[in-house]
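Shown next: structure_18.cif, containing mmCIF, C-alpha atoms.
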data_structure
#
loop_
_atom_site.group_PDB
_atom_site.id
_atom_site.type_symbol
_atom_site.label_atom_id
_atom_site.label_comp_id
_atom_site.auth_asym_id
_atom_site.auth_seq_id
_atom_site.Cartn_x
_atom_site.Cartn_y
_atom_site.Cartn_z
ATOM 1 C CA MET A 93 -5.535 -24.031 12.624
ATOM 2 C CA ILE A 94 -5.903 -23.983 16.398
ATOM 3 C CA MET A 95 -2.147 -24.517 16.749
ATOM 4 C CA ALA A 96 -1.448 -21.528 14.502
ATOM 5 C CA GLN A 97 -3.832 -19.399 16.554
ATOM 6 C CA MET A 98 -2.083 -20.412 19.762
ATOM 7 C CA ILE A 99 1.352 -19.584 18.329
ATOM 8 C CA LEU A 100 0.180 -16.175 17.118
ATOM 9 C CA ALA A 101 -1.502 -15.431 20.431
ATOM 10 C CA GLN A 102 1.695 -16.211 22.338
ATOM 11 C CA MET A 103 3.963 -14.375 19.916
ATOM 12 C CA THR A 104 3.860 -10.725 20.768
ATOM 13 C CA LEU A 105 6.355 -8.531 19.024
ATOM 14 C CA GLU A 106 7.120 -5.445 21.067
ATOM 15 C CA LEU A 107 9.200 -3.064 19.008
ATOM 16 C CA SER A 108 10.462 0.321 20.079
ATOM 17 C CA HIS A 109 8.918 3.372 18.431
ATOM 18 C CA PHE A 110 12.057 3.963 16.391
ATOM 19 C CA THR A 111 12.360 0.355 15.182
ATOM 20 C CA ALA A 112 8.700 0.314 14.173
ATOM 21 C CA ALA A 113 9.147 3.590 12.260
ATOM 22 C CA LEU A 114 12.299 2.254 10.599
ATOM 23 C CA LEU A 115 10.603 -0.968 9.452
ATOM 24 C CA PHE A 116 7.633 1.014 8.211
ATOM 25 C CA SER A 117 9.986 3.267 6.225
ATOM 26 C CA VAL A 118 11.823 0.339 4.628
ATOM 27 C CA PHE A 119 8.708 -1.451 3.366
ATOM 28 C CA ALA A 120 6.822 1.659 2.294
ATOM 29 C CA SER A 121 9.909 2.969 0.448
ATOM 30 C CA ILE A 122 10.328 -0.293 -1.472
ATOM 31 C CA VAL A 123 6.714 -0.187 -2.665
ATOM 32 C CA PHE A 124 6.851 3.538 -3.490
ATOM 33 C CA GLY A 125 10.101 3.108 -5.402
ATOM 34 C CA ILE A 126 8.777 0.243 -7.526
ATOM 35 C CA THR A 127 5.368 1.710 -8.256
ATOM 36 C CA GLN A 128 6.106 5.400 -8.728
ATOM 37 C CA ARG A 129 9.016 5.212 -11.185
ATOM 38 C CA ASN A 130 9.574 3.382 -14.470
ATOM 39 C CA ASP A 131 13.305 2.829 -14.847
ATOM 40 C CA ALA A 132 15.156 0.461 -12.483
ATOM 41 C CA ARG A 133 17.774 3.084 -11.617
ATOM 42 C CA GLU A 134 15.099 5.693 -10.925
ATOM 43 C CA GLN A 135 13.190 3.218 -8.793
ATOM 44 C CA ILE A 136 16.212 2.646 -6.552
ATOM 45 C CA ARG A 137 16.888 6.376 -6.319
ATOM 46 C CA TYR A 138 13.290 7.201 -5.497
ATOM 47 C CA GLY A 139 13.087 4.385 -2.955
ATOM 48 C CA LEU A 140 16.198 5.698 -1.206
ATOM 49 C CA TYR A 141 14.826 9.234 -1.359
ATOM 50 C CA CYS A 142 11.553 8.116 0.264
ATOM 51 C CA PHE A 143 13.453 6.212 2.938
ATOM 52 C CA ALA A 144 15.604 9.257 3.715
ATOM 53 C CA MET A 145 12.500 11.441 3.906
ATOM 54 C CA PHE A 146 10.733 8.994 6.231
ATOM 55 C CA VAL A 147 13.703 8.653 8.584
ATOM 56 C CA GLY A 148 14.450 12.377 8.386
ATOM 57 C CA GLY A 149 10.809 13.051 9.251
ATOM 58 C CA VAL A 150 11.100 10.781 12.283
ATOM 59 C CA PHE A 151 14.089 12.747 13.583
ATOM 60 C CA VAL A 152 12.460 16.122 12.873
ATOM 61 C CA ALA A 153 9.240 15.036 14.606
ATOM 62 C CA GLY A 154 11.301 13.748 17.535
ATOM 63 C CA TRP A 155 13.098 17.044 17.976
ATOM 64 C CA VAL A 156 9.860 19.029 17.602
ATOM 65 C CA MET A 157 8.267 16.942 20.347
ATOM 66 C CA TRP A 158 11.353 17.430 22.519
ATOM 67 C CA LEU A 159 11.099 21.218 22.049
ATOM 68 C CA LEU A 160 7.374 21.214 22.798
ATOM 69 C CA ARG A 161 7.951 19.234 25.945
ATOM 70 C CA ARG A 162 10.435 21.774 27.335
ATOM 71 C CA MET B 89 -19.866 51.922 -39.603
ATOM 72 C CA ALA B 90 -20.211 48.299 -39.674
ATOM 73 C CA ASN B 91 -17.284 46.253 -38.814
ATOM 74 C CA SER B 92 -16.033 44.948 -42.095
ATOM 75 C CA SER B 93 -13.839 42.330 -40.686
ATOM 76 C CA VAL B 94 -15.998 39.328 -40.356
ATOM 77 C CA SER B 95 -14.726 37.140 -37.663
ATOM 78 C CA LYS B 96 -14.516 33.598 -38.718
ATOM 79 C CA PRO B 97 -15.814 31.065 -36.346
ATOM 80 C CA LYS B 98 -12.935 29.568 -34.513
ATOM 81 C CA THR B 99 -12.557 25.948 -35.062
ATOM 82 C CA VAL B 100 -11.831 24.208 -31.872
ATOM 83 C CA GLU B 101 -10.335 20.820 -32.121
ATOM 84 C CA VAL B 102 -12.100 18.645 -29.706
ATOM 85 C CA ARG B 103 -10.142 15.672 -28.652
ATOM 86 C CA ASN B 104 -11.515 12.812 -26.768
ATOM 87 C CA SER B 105 -9.780 13.152 -23.441
ATOM 88 C CA THR B 106 -10.746 9.720 -22.233
ATOM 89 C CA THR B 107 -8.791 7.370 -24.392
ATOM 90 C CA THR B 108 -10.160 3.932 -23.901
ATOM 91 C CA GLN B 109 -7.681 1.177 -23.319
ATOM 92 C CA PRO B 110 -8.336 -2.172 -24.915
ATOM 93 C CA MET B 111 -9.473 -4.624 -22.280
ATOM 94 C CA THR B 112 -7.283 -7.667 -22.406
ATOM 95 C CA THR B 113 -7.280 -10.776 -20.285
ATOM 96 C CA MET B 114 -4.097 -9.624 -18.605
ATOM 97 C CA SER B 115 -5.552 -6.195 -17.741
ATOM 98 C CA VAL B 116 -8.213 -7.976 -15.685
ATOM 99 C CA LEU B 117 -6.203 -10.933 -14.428
ATOM 100 C CA ALA B 118 -3.118 -9.038 -13.237
ATOM 101 C CA PRO B 119 -4.926 -6.621 -10.868
ATOM 102 C CA ALA B 120 -7.237 -9.358 -9.581
ATOM 103 C CA LEU B 121 -4.356 -11.725 -8.879
ATOM 104 C CA GLY B 122 -2.265 -8.862 -7.486
ATOM 105 C CA TRP B 123 -5.004 -8.045 -5.005
ATOM 106 C CA LEU B 124 -5.438 -11.670 -3.962
ATOM 107 C CA ILE B 125 -1.707 -12.376 -3.609
ATOM 108 C CA PRO B 126 0.445 -9.249 -3.166
ATOM 109 C CA GLY B 127 3.038 -9.040 -5.959
ATOM 110 C CA ALA B 128 1.455 -11.791 -8.072
ATOM 111 C CA GLY B 129 0.130 -9.225 -10.545
ATOM 112 C CA HIS B 130 3.728 -8.384 -11.392
ATOM 113 C CA LEU B 131 4.958 -11.962 -11.297
ATOM 114 C CA ILE B 132 2.351 -13.101 -13.844
ATOM 115 C CA GLN B 133 3.708 -10.422 -16.186
ATOM 116 C CA LYS B 134 7.269 -11.679 -15.687
ATOM 117 C CA ARG B 135 8.382 -8.717 -13.574
ATOM 118 C CA TRP B 136 10.114 -11.131 -11.225
ATOM 119 C CA ILE B 137 12.207 -8.819 -9.062
ATOM 120 C CA ARG B 138 9.493 -6.182 -8.685
ATOM 121 C CA GLY B 139 6.905 -8.840 -7.899
ATOM 122 C CA LEU B 140 9.033 -10.587 -5.302
ATOM 123 C CA LEU B 141 9.994 -7.313 -3.633
ATOM 124 C CA LEU B 142 6.361 -6.211 -3.477
ATOM 125 C CA MET B 143 5.296 -9.594 -2.159
ATOM 126 C CA PHE B 144 8.025 -9.564 0.496
ATOM 127 C CA SER B 145 7.352 -5.983 1.600
ATOM 128 C CA ILE B 146 3.571 -6.142 1.810
ATOM 129 C CA THR B 147 3.369 -9.625 3.313
ATOM 130 C CA THR B 148 6.072 -8.948 5.888
ATOM 131 C CA MET B 149 4.455 -5.675 6.885
ATOM 132 C CA PHE B 150 1.069 -7.370 7.264
ATOM 133 C CA PHE B 151 2.410 -10.220 9.415
ATOM 134 C CA LEU B 152 4.550 -7.865 11.498
ATOM 135 C CA GLY B 153 1.330 -5.998 12.251
ATOM 136 C CA LEU B 154 -0.328 -9.229 13.320
ATOM 137 C CA ALA B 155 2.697 -10.220 15.426
ATOM 138 C CA MET B 156 2.481 -6.841 17.155
ATOM 139 C CA GLN B 157 -1.072 -7.823 18.146
ATOM 140 C CA GLY B 158 -2.589 -5.304 15.765
ATOM 141 C CA ARG B 159 -6.331 -5.254 15.252
ATOM 142 C CA VAL B 160 -7.948 -6.466 12.040
ATOM 143 C CA TYR B 161 -11.120 -4.562 11.194
ATOM 144 C CA ARG B 162 -14.318 -6.349 10.283
ATOM 145 C CA PRO B 163 -17.025 -5.017 7.948
ATOM 146 C CA ASN B 164 -18.894 -2.417 9.974
ATOM 147 C CA GLY B 165 -21.254 0.478 9.566
ATOM 148 C CA GLY B 166 -20.271 2.390 12.657
ATOM 149 C CA ASP B 167 -17.471 4.870 13.178
ATOM 150 C CA ILE B 168 -15.986 6.393 10.019
ATOM 151 C CA LEU B 169 -12.456 5.528 11.150
ATOM 152 C CA ASP B 170 -13.498 1.895 11.609
ATOM 153 C CA ILE B 171 -14.965 1.850 8.097
ATOM 154 C CA LEU B 172 -11.765 3.349 6.657
ATOM 155 C CA GLY B 173 -9.731 0.850 8.651
ATOM 156 C CA PHE B 174 -11.732 -1.967 7.105
ATOM 157 C CA VAL B 175 -11.200 -0.561 3.601
ATOM 158 C CA GLY B 176 -7.464 -0.371 4.245
ATOM 159 C CA ASP B 177 -7.321 -3.900 5.614
ATOM 160 C CA LEU B 178 -9.324 -5.206 2.666
ATOM 161 C CA GLY B 179 -6.566 -4.039 0.318
ATOM 162 C CA ALA B 180 -4.385 -6.900 1.503
ATOM 163 C CA GLY B 181 -6.757 -9.274 -0.312
ATOM 164 C CA GLY B 182 -5.855 -12.889 0.329
ATOM 165 C CA LEU B 183 -3.928 -12.019 3.478
ATOM 166 C CA TYR B 184 -7.050 -10.393 4.894
ATOM 167 C CA ILE B 185 -9.202 -13.390 3.936
ATOM 168 C CA VAL B 186 -6.772 -15.837 5.589
ATOM 169 C CA THR B 187 -6.640 -13.663 8.697
ATOM 170 C CA ARG B 188 -10.417 -13.573 8.977
ATOM 171 C CA VAL B 189 -10.701 -17.307 8.421
ATOM 172 C CA MET B 190 -8.080 -17.991 11.087
ATOM 173 C CA ASP B 191 -9.669 -15.379 13.358
ATOM 174 C CA TRP B 192 -6.372 -13.579 13.910
ATOM 175 C CA GLY B 193 -6.020 -9.956 14.874
ATOM 176 C CA GLN B 194 -8.836 -9.928 17.386
ATOM 177 C CA GLY B 195 -6.805 -9.679 20.576
ATOM 178 C CA ALA B 196 -7.361 -6.924 23.095
ATOM 179 C CA ILE B 197 -4.838 -4.096 22.732
ATOM 180 C CA ALA B 198 -2.643 -4.482 25.794
ATOM 181 C CA HIS B 199 0.433 -2.408 24.939
ATOM 182 C CA ALA B 200 1.420 0.661 22.918
ATOM 183 C CA THR B 201 2.979 -1.177 19.984
ATOM 184 C CA ALA B 202 -0.280 -3.000 19.287
ATOM 185 C CA ASP B 203 -1.592 0.262 17.868
ATOM 186 C CA TYR B 204 1.422 0.364 15.557
ATOM 187 C CA GLY B 205 0.500 -3.167 14.522
ATOM 188 C CA THR B 206 -2.977 -2.009 13.532
ATOM 189 C CA LYS B 207 -1.432 0.727 11.403
ATOM 190 C CA PHE B 208 1.030 -1.726 9.830
ATOM 191 C CA ILE B 209 -1.872 -3.949 8.742
ATOM 192 C CA ILE B 210 -3.846 -1.032 7.278
ATOM 193 C CA VAL B 211 -0.833 0.400 5.443
ATOM 194 C CA ALA B 212 0.073 -3.046 4.051
ATOM 195 C CA GLY B 213 -3.408 -3.133 2.505
ATOM 196 C CA LEU B 214 -3.098 0.392 1.137
ATOM 197 C CA LEU B 215 0.318 -0.365 -0.344
ATOM 198 C CA ASN B 216 -1.211 -3.387 -2.047
ATOM 199 C CA PHE B 217 -3.806 -1.103 -3.651
ATOM 200 C CA ILE B 218 -0.912 0.889 -5.171
ATOM 201 C CA SER B 219 0.723 -2.364 -6.261
ATOM 202 C CA VAL B 220 -2.517 -3.487 -7.943
ATOM 203 C CA ALA B 221 -2.769 -0.184 -9.834
ATOM 204 C CA ASP B 222 0.850 -0.591 -10.944
ATOM 205 C CA ALA B 223 0.181 -4.133 -12.193
ATOM 206 C CA TYR B 224 -2.766 -2.777 -14.205
ATOM 207 C CA HIS B 225 -0.613 -0.042 -15.741
ATOM 208 C CA ILE B 226 1.937 -2.624 -16.806
ATOM 209 C CA ALA B 227 -0.822 -4.804 -18.277
ATOM 210 C CA ILE B 228 -2.218 -1.999 -20.451
ATOM 211 C CA GLY B 229 1.260 -0.950 -21.571
ATOM 212 C CA LYS B 230 1.302 2.385 -19.755
ATOM 213 C CA LYS B 231 4.385 1.374 -17.806
ATOM 214 C CA PRO B 232 7.342 -0.779 -18.898
#

Any chance you could put this one into structure tokens?
Amino acid sequence: MIMAQMILAQMTLELSHFTAALLFSVFASIVFGITQRNDAREQIRYGLYCFAMFVGGVFVAGWVMWLLRR
Amino acid sequence: MANSSVSKPKTVEVRNSTTTQPMTTMSVLAPALGWLIPGAGHLIQKRWIRGLLLMFSITTMFFLGLAMQGRVYRPNGGDILDILGFVGDLGAGGLYIVTRVMDWGQGAIAHATADYGTKFIIVAGLLNFISVADAYHIAIGKKP
């Protein structure tokens, strides 16, 4: 137990903002796709749709922040 | 002149809007197991691919949050955001229990991505709540 705590304390994952948002999108889209649709084909389509919306939202938010900063 | 047309009382069909679902062992076991082990509620109902994908997604997201030095909330009665954070974390079920037992997720936030880690842990718990509800719907036959 102490060993596991030491490993976790030393292991610090520092992701970029974009990578973190991308990983978030992947996992959230998988869960949304499975839980919000019934048919397997629809689940894949909805999962991809959610992923596209997440990533699209990241880019839109990025550009909005860039415009606000100017 | 009296109105000769006597209006008949309208019969309104009253339907019971709350249809009660029969409580089966699976309708209790699947959500409970799904909460304790993410995806297990689907696996016990032989939804292998869905269960494994849910397990992989939620567990990976939770541990990524921990690896990013995210904070794990404890039961508290203070700030509303802290209470909501605890509720979100609690959704991860067994993962949350293991984390508390091992005393993980208590490090001081030293860099920006640690805050992302905290959000990853909360969202993993919230996604597991959705997964639990889905397992229940499968158990009662509302979803194939």

For this session: Name the residues that the PyMOL selection byres ((chain A) within 8 of (chain B)) pulls out of this structure, and write them as an MDAnalysis selection string.
Result: chainID A and resid 93 97 100:101 103:109 112 116 119:120 122:123 126:127 130

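Our summary of the geometry notes that CA of Ala227 (chain B) is positioned 7.0 Å from CA of Ala118 (chain B).
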
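Going from CA of Pro126 (chain B) to CA of Ala180 (chain B) covers 7.1 Å.
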
Exercise. Using only C-alpha atoms, which residues sit within 8 Å of Ile210 (chain B) once same-chain residues fewer than 3 positions away are excluded, as JSON, numbers by chain?
Worked result: {"B": [173, 174, 176, 177, 206, 207, 213, 214]}

Exercise. Skipping near chain neighbours, those fewer than 3 positions away, what residues fall within 9 Å of region 141-154 of chain A using only C-alpha atoms, listed as a PyMOL selection string?
Worked result: chain A and resi 110+113-114+116-118+120-122+124-125+136-138+157-159

I need the residues from that last selection saved to file as a short mmCIF file (atom, residue, chain, number, x, y, z; two decimals), in the coordinates of the input (with C-alpha atoms), if you can.
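The resulting file, out-v3.cif, is reproduced below:
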data_model
loop_
_atom_site.label_atom_id
_atom_site.label_comp_id
_atom_site.auth_asym_id
_atom_site.auth_seq_id
_atom_site.Cartn_x
_atom_site.Cartn_y
_atom_site.Cartn_z
CA PHE A 110 12.06 3.96 16.39
CA ALA A 113 9.15 3.59 12.26
CA LEU A 114 12.30 2.25 10.60
CA PHE A 116 7.63 1.01 8.21
CA SER A 117 9.99 3.27 6.22
CA VAL A 118 11.82 0.34 4.63
CA ALA A 120 6.82 1.66 2.29
CA SER A 121 9.91 2.97 0.45
CA ILE A 122 10.33 -0.29 -1.47
CA PHE A 124 6.85 3.54 -3.49
CA GLY A 125 10.10 3.11 -5.40
CA ILE A 136 16.21 2.65 -6.55
CA ARG A 137 16.89 6.38 -6.32
CA TYR A 138 13.29 7.20 -5.50
CA MET A 157 8.27 16.94 20.35
CA TRP A 158 11.35 17.43 22.52
CA LEU A 159 11.10 21.22 22.05
#

Centre, x/y/z edge lengths, axis-aligned box for region 142-151 of chain A with 4 Å per side, as AutoDock Vina command-line options:
--center_x 13.2 --center_y 9.6 --center_z 6.9 --size_x 12.9 --size_y 14.8 --size_z 21.3

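For the pair CA of Phe150 (chain B) and CA of Leu183 (chain B), the separation is 7.8 Å.
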
Exercise. So what does the PyMOL selection byres ((chain B and resi 182) around 10) actually pick up in this one, as a PyMOL selection string?
Worked result: chain B and resi 121-126+178-181+183-188
